[in-house]
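Below is one structure; the comments refer to it alone.
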Amino acid sequence: MQEGLRAASAVAPIVVAAVWLDWPRLSWAAFSAFWACLADPGGTDRSRLGFMGLFAGAGTIAAFIASATAGVSPLVAGLILGPLVFVPSLSSMFGVETSRVGTLVCVAAVVAAAFPGAPAAALQLAGFFLLGGLWAMVLCIGIWRIHPYAPARRAIAALFAQLGGAILDLLAQDRGARSRAVDWDAFNAEHRRSIRAAIERTRGVVAALETSDMRYRAEIESADRVFAAFIAMGHAFAERGTPLDPGREQDLLHRLLLLLAEAQHQAEQRVPQPALLAAEATALQTESAALGNLIGRGIGAAAQSLEELADQRRGDAAKVQPAGVEPTATPLLRPIPGAVLSHATRVAIAVLVSYAIASSLNLTFSYWATVTTVVVVQPEAALIWQRSIERMLGSIAGGLLATALMFAFPTKIALLALIFPLAAATIAFRLVNYTIFVIFVTSLFVLVTELLQPAAGIASIRVIDNVIGSLTGLAASVLLWRHRAARGAGQVLAEAVRANFEYAARIVGGLGTAADIDSVRRAAGVASGDAEMLQHRMRLEGQGRRAHLAEMDELLHALRRLAGSAAASALAGEPADATRAAALAREGAALADAVGDPAAASLPGVPGGESQHDMDRAIRAVTSAAAAYVAAFGKPPANLIRASG
C-alpha cells in the first residue's frame with residue numbers, strides 16, 4: 001500500500017498540472033512516472049537507480065524515435081517500430097527485473113508511435129517523458145523512502161511461522177487418537193507441498209529485490225534445512241506407529257516450536273539480536289542428543305540449523321558457511337539464447353500486426369491495442385491463454401468501473417480526485433493479482449484520457465482495443481515458433497522420480513558435501529511439488545480418468561515416502577554404501593524412463609520378500625506404484641510380470 005500511495009503521489013500532481021494548464025502532452029510525464037514506479041525493483045539504492053535510470057533513458061530515446069518516425073508516415077513508423085520493440089525484448093536474457101524494464105520501454109515506444117509529430121514536437125514529448133521518469137526517481141529514492149527489504153523480512157518470517165505450524169500440527173496428530181494412514185498421508189502431502197512452495201516463493205521474493213545482503217538467503221537456507229528435519233521426523237512418526245513420549249519427545253518438540261517462533265521474530269527485525277536464538281538452539285541440541293532416536297536427531301538438526309543462522313548473523317564466518325548464497329555475476333555480453341531471440345522476434349511481429357490492424361481500422365487510441373499485445377505475448381504458449389483471458393476480463397471490468405465512475409462523478413474536479421486512489425490501487429495490486437491490476441490500470445488510464453483527451457465512448461474503446469491486442473498476441477504466441485511450456489504429465493512425473501532417487505542415492509552413498517545434499521534435496525522437493533501441482537490442476541480440468549490421476553497420486557505418495565526415508569537415513573548416520581547408491585541411481589533412471597514413456601515401459605522388478613530396511617520398503621512402494629501407473633496406460637510392464645510371477 002505504501003508503494004501504491006507513493007506512485008499515486010508521483011502521478012496525480014502531474015495529471016492535475018496537465019488539466020490545470022490545459023497541456024495534454026504533459027500527460028507523458030505522468031505516463032513515464034507511472035511506468036518508472038513499475039520499473040522500481042526494490043533493493044539497494046544503487047540497484048533501483050540503475051533500473052529506473054535505464055528505463056528513463058531508454059524510454060526517452062524510444063519515445064522520440066517512435067513519435068518522430070510516425071510524423072513521417074504510418075508506414076515508416078511501422079518499419080521502425082519493429083526494431084524498437086525487438087531490441088528491448090532481448091532484455092529477458094538478463095533476468096526478470098531487466099525484462100520488466102525492456103517491456104516498459106516497448107510500451108513507451110508503441111504508445112509514442114500513436115502520437116506523431118515533427119522532430120521538434122517529438123523532442124518535446126521525449127522531454128516530458130524524461131521529466132516524469134526523473135521525478136519518479138527523486139520521489140522513490142530520495143523523498144519517500146520505503147525500506148527496500150521489508151518484503152523479504154515478511155516472507156521469511158511467514159516461512160518460519162509455517163514451519164512452526166507444521167510442528168504444531170504434528171503434535172496435534174499425536175494428541176488425537178492416531179489418525180488413519182490416509183489422514184496422515186493427506187497431512188504429510190499438504191505440509192510438504194505448501195512449505196516447499198513457500199520456500200521457493202520466498203526465494204523469488206529475495207531474488208526480485210536484487211540484494212547482495214547474504215542475511216536473507218542464509219535465513220531461507222536455514223528454513224530449508226529445518227524443513228528437511230521436519231520431513232524426517234514426520235516420516236519416523238508415521239512409520240513407528242506409536243505415540244510420542246510426553247515427557248521427552250513432546251517437550252522437546254514444544255521447545256523447537258518456541259525456537260521457531262523466536263526465529264520468526266528475529267526474521268522480522270531490521271537489526272536481529274541473535275543471542276537468545278543461539279543460546280536456546282544450543283541448549284535444545286544438547287538435550288535432543290540424549291533421546292538417541294530419529295525424532296531426537298531431527299530436533300537436533302533443526303536446532304543446529306538455527307544455531308548456525310544465529311552464528312552467521314553474529315558474523316561468525318568460521319562456524320558457518322551457508323550453502324548456495326554467493327551471488328553469481330551475469331556477463332553483459334554473451335550469446336543470445338534461441339528462446340530469447342525467437343520471443344523477441346515474436347513480440348516484434350505481433351506488435352507490427354496489431355499496429356497494422358489498428359491503423360487500417362482507424363481505431364481511436366489505437367496504442368491501447370499495441371500495448372496489450374506487448375504485455376500479453378509470453379515466451380511460452382501455455383502462459384498466453386491465462387494472460388489473454390485475464391487481460392480481456394480485466395479490461396471489460398475496468399471499462400465498466402470507469403464508466404460507472406464517470407457517471408457518478410461527472411465533473412473534472414471529481415475525476416481528478418479519483419486519480420490518486422486508482423493509481424495507488426494499481427501499483428498496490430500489481431504483484432497480488434493480474435486481473436485486479438488490469439481492472440485498476442484500465443480505469444486509471446480511461447479517466448486520465450477522459451480528462452486530457454476526451455472522446456465519446458472511451459471505456460468501450462479501451463475494451464475493444466484490448467480485446468484486439470490480446471487476440472493478436474494470442475495468435476502470435478500460438479502460431480509463431482510455438483514453445484510448449486508445459487511438459488507432459490509423464491515427463492513431470494518422471495523428473496520427480498529421477499530427482500527423488502538421485503537424493504536417495506546421494507544419501508546412501510554419502511556422496512557430496514552438505515551443500516550438495518541440500519541442493520539435491522531441494523531439487524527433489526521442487527520436482528515433487530511440480531508434479532503435485534500439475535496433478536491438482538489436471539483434476540480441476542476434469543482429466544482424472546484420461547490421465548490416470550489415481551495412479552499418479554499413489555506414485556507421488558510413494559515418492560514422498562522415499563524422500564522421508566532418505567531424510568531419515570541422513571539423520572541416522574548410516575554407513576555409506578557406494579554399490580547400493582549406484583544401483584539406486586540405475587533403478588531411478590529406469591523407472592523415470594518408463595514413467596515418462598509408458599508405451600515403451602521396461603520396469604525393474606519388485607524385489608522379492610519383505611525387507612526390514614525402511615528405504616528398501618519405500619523403493620518397493622515406488623516401483624509398485626510406477627508399475628501400476630504404466631499399466632494404466634494399457635501396456636503391462638513385462639519385466640514386472642516376470643518378477644512377480
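Numbering starts fresh at 1 for the residues of each chain in the C-alpha cells, the chains themselves are lettered A, B, ... in the order given, and ligands are numbered from 1 as they appear.
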
So that I can see what lies close to Ala423 in chain A, please list as a PyMOL selection string the residues with an atom at most 12 Å from it, counting only C-alpha atoms and leaving out residues fewer than 3 positions away in the same chain. chain A and resi 1-13+15+30-31+33-35+37-38+416-420+426-430+437-448

Selection near range 97-103 of chain A, 10 Å with only C-alpha atoms, sequence-local residues under 2 positions removed, as a PyMOL selection string: chain A and resi 35-36+38-42+51-56+58-59+85-95+105-109+207-210+371+374-375

Nearest to Val72 in chain A by atom-to-atom distance, counting only C-alpha atoms, from A:Leu84, A:Met137, A:Ile195, A:Ala122: A:Ala122

Go through range 96-181 of chain A residue by residue and, counting only C-alpha atoms, keep those with an atom at most 9 Å from range 199-206 of chain A; for each kept residue give the shortest atom pair and its distance in Å to one decimal, ordered by chain and increasing number, as CSV.
residue,atom,partner,partner_atom,distance
A:Tyr149,CA,A:Val206,CA,8.2
A:Pro151,CA,A:Val205,CA,7.2
A:Ala152,CA,A:Val206,CA,5.6
A:Ala155,CA,A:Thr202,CA,5.7
A:Ile156,CA,A:Thr202,CA,6.5
A:Leu159,CA,A:Ile199,CA,6.9

Once you have the residues from the selection above, write them out as a PDB file, in the first residue's frame, restricted to all heavy atoms.
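Output contents, as saved in again_27.pdb:
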ATOM      1  N   TYR A 149      13.883  -3.854   1.925  1.00  0.00           N
ATOM      2  CA  TYR A 149      13.931  -5.294   2.204  1.00  0.00           C
ATOM      3  C   TYR A 149      12.782  -5.778   3.069  1.00  0.00           C
ATOM      4  O   TYR A 149      12.771  -6.937   3.489  1.00  0.00           O
ATOM      5  CB  TYR A 149      15.257  -5.645   2.877  1.00  0.00           C
ATOM      6  CG  TYR A 149      16.460  -5.254   2.059  1.00  0.00           C
ATOM      7  CD1 TYR A 149      17.579  -4.685   2.657  1.00  0.00           C
ATOM      8  CD2 TYR A 149      16.475  -5.428   0.680  1.00  0.00           C
ATOM      9  CE1 TYR A 149      18.681  -4.317   1.904  1.00  0.00           C
ATOM     10  CE2 TYR A 149      17.562  -5.055  -0.077  1.00  0.00           C
ATOM     11  CZ  TYR A 149      18.665  -4.499   0.537  1.00  0.00           C
ATOM     12  OH  TYR A 149      19.750  -4.139  -0.209  1.00  0.00           O
ATOM     13  N   PRO A 151       9.704  -6.593   2.267  1.00  0.00           N
ATOM     14  CA  PRO A 151       9.022  -7.781   1.722  1.00  0.00           C
ATOM     15  C   PRO A 151       9.774  -9.077   2.001  1.00  0.00           C
ATOM     16  O   PRO A 151       9.160 -10.110   2.264  1.00  0.00           O
ATOM     17  CB  PRO A 151       8.953  -7.487   0.217  1.00  0.00           C
ATOM     18  CG  PRO A 151       9.015  -6.000   0.123  1.00  0.00           C
ATOM     19  CD  PRO A 151       9.923  -5.577   1.229  1.00  0.00           C
ATOM     20  N   ALA A 152      11.111  -9.033   1.954  1.00  0.00           N
ATOM     21  CA  ALA A 152      11.898 -10.233   2.238  1.00  0.00           C
ATOM     22  C   ALA A 152      11.741 -10.647   3.693  1.00  0.00           C
ATOM     23  O   ALA A 152      11.570 -11.827   4.003  1.00  0.00           O
ATOM     24  CB  ALA A 152      13.369  -9.985   1.908  1.00  0.00           C
ATOM     25  N   ALA A 155       8.305 -12.195   4.219  1.00  0.00           N
ATOM     26  CA  ALA A 155       8.184 -13.522   3.606  1.00  0.00           C
ATOM     27  C   ALA A 155       8.935 -14.573   4.410  1.00  0.00           C
ATOM     28  O   ALA A 155       8.448 -15.688   4.610  1.00  0.00           O
ATOM     29  CB  ALA A 155       8.707 -13.487   2.170  1.00  0.00           C
ATOM     30  N   ILE A 156      10.130 -14.233   4.898  1.00  0.00           N
ATOM     31  CA  ILE A 156      10.923 -15.197   5.667  1.00  0.00           C
ATOM     32  C   ILE A 156      10.284 -15.451   7.025  1.00  0.00           C
ATOM     33  O   ILE A 156      10.250 -16.597   7.509  1.00  0.00           O
ATOM     34  CB  ILE A 156      12.371 -14.694   5.808  1.00  0.00           C
ATOM     35  CG1 ILE A 156      13.051 -14.680   4.432  1.00  0.00           C
ATOM     36  CG2 ILE A 156      13.158 -15.566   6.776  1.00  0.00           C
ATOM     37  CD1 ILE A 156      14.375 -13.956   4.404  1.00  0.00           C
ATOM     38  N   LEU A 159       7.574 -17.802   6.564  1.00  0.00           N
ATOM     39  CA  LEU A 159       8.091 -19.146   6.318  1.00  0.00           C
ATOM     40  C   LEU A 159       8.390 -19.860   7.634  1.00  0.00           C
ATOM     41  O   LEU A 159       8.013 -21.024   7.823  1.00  0.00           O
ATOM     42  CB  LEU A 159       9.351 -19.052   5.457  1.00  0.00           C
ATOM     43  CG  LEU A 159      10.028 -20.353   5.055  1.00  0.00           C
ATOM     44  CD1 LEU A 159       9.049 -21.275   4.350  1.00  0.00           C
ATOM     45  CD2 LEU A 159      11.227 -20.061   4.165  1.00  0.00           C
TER      46      LEU A 159
END
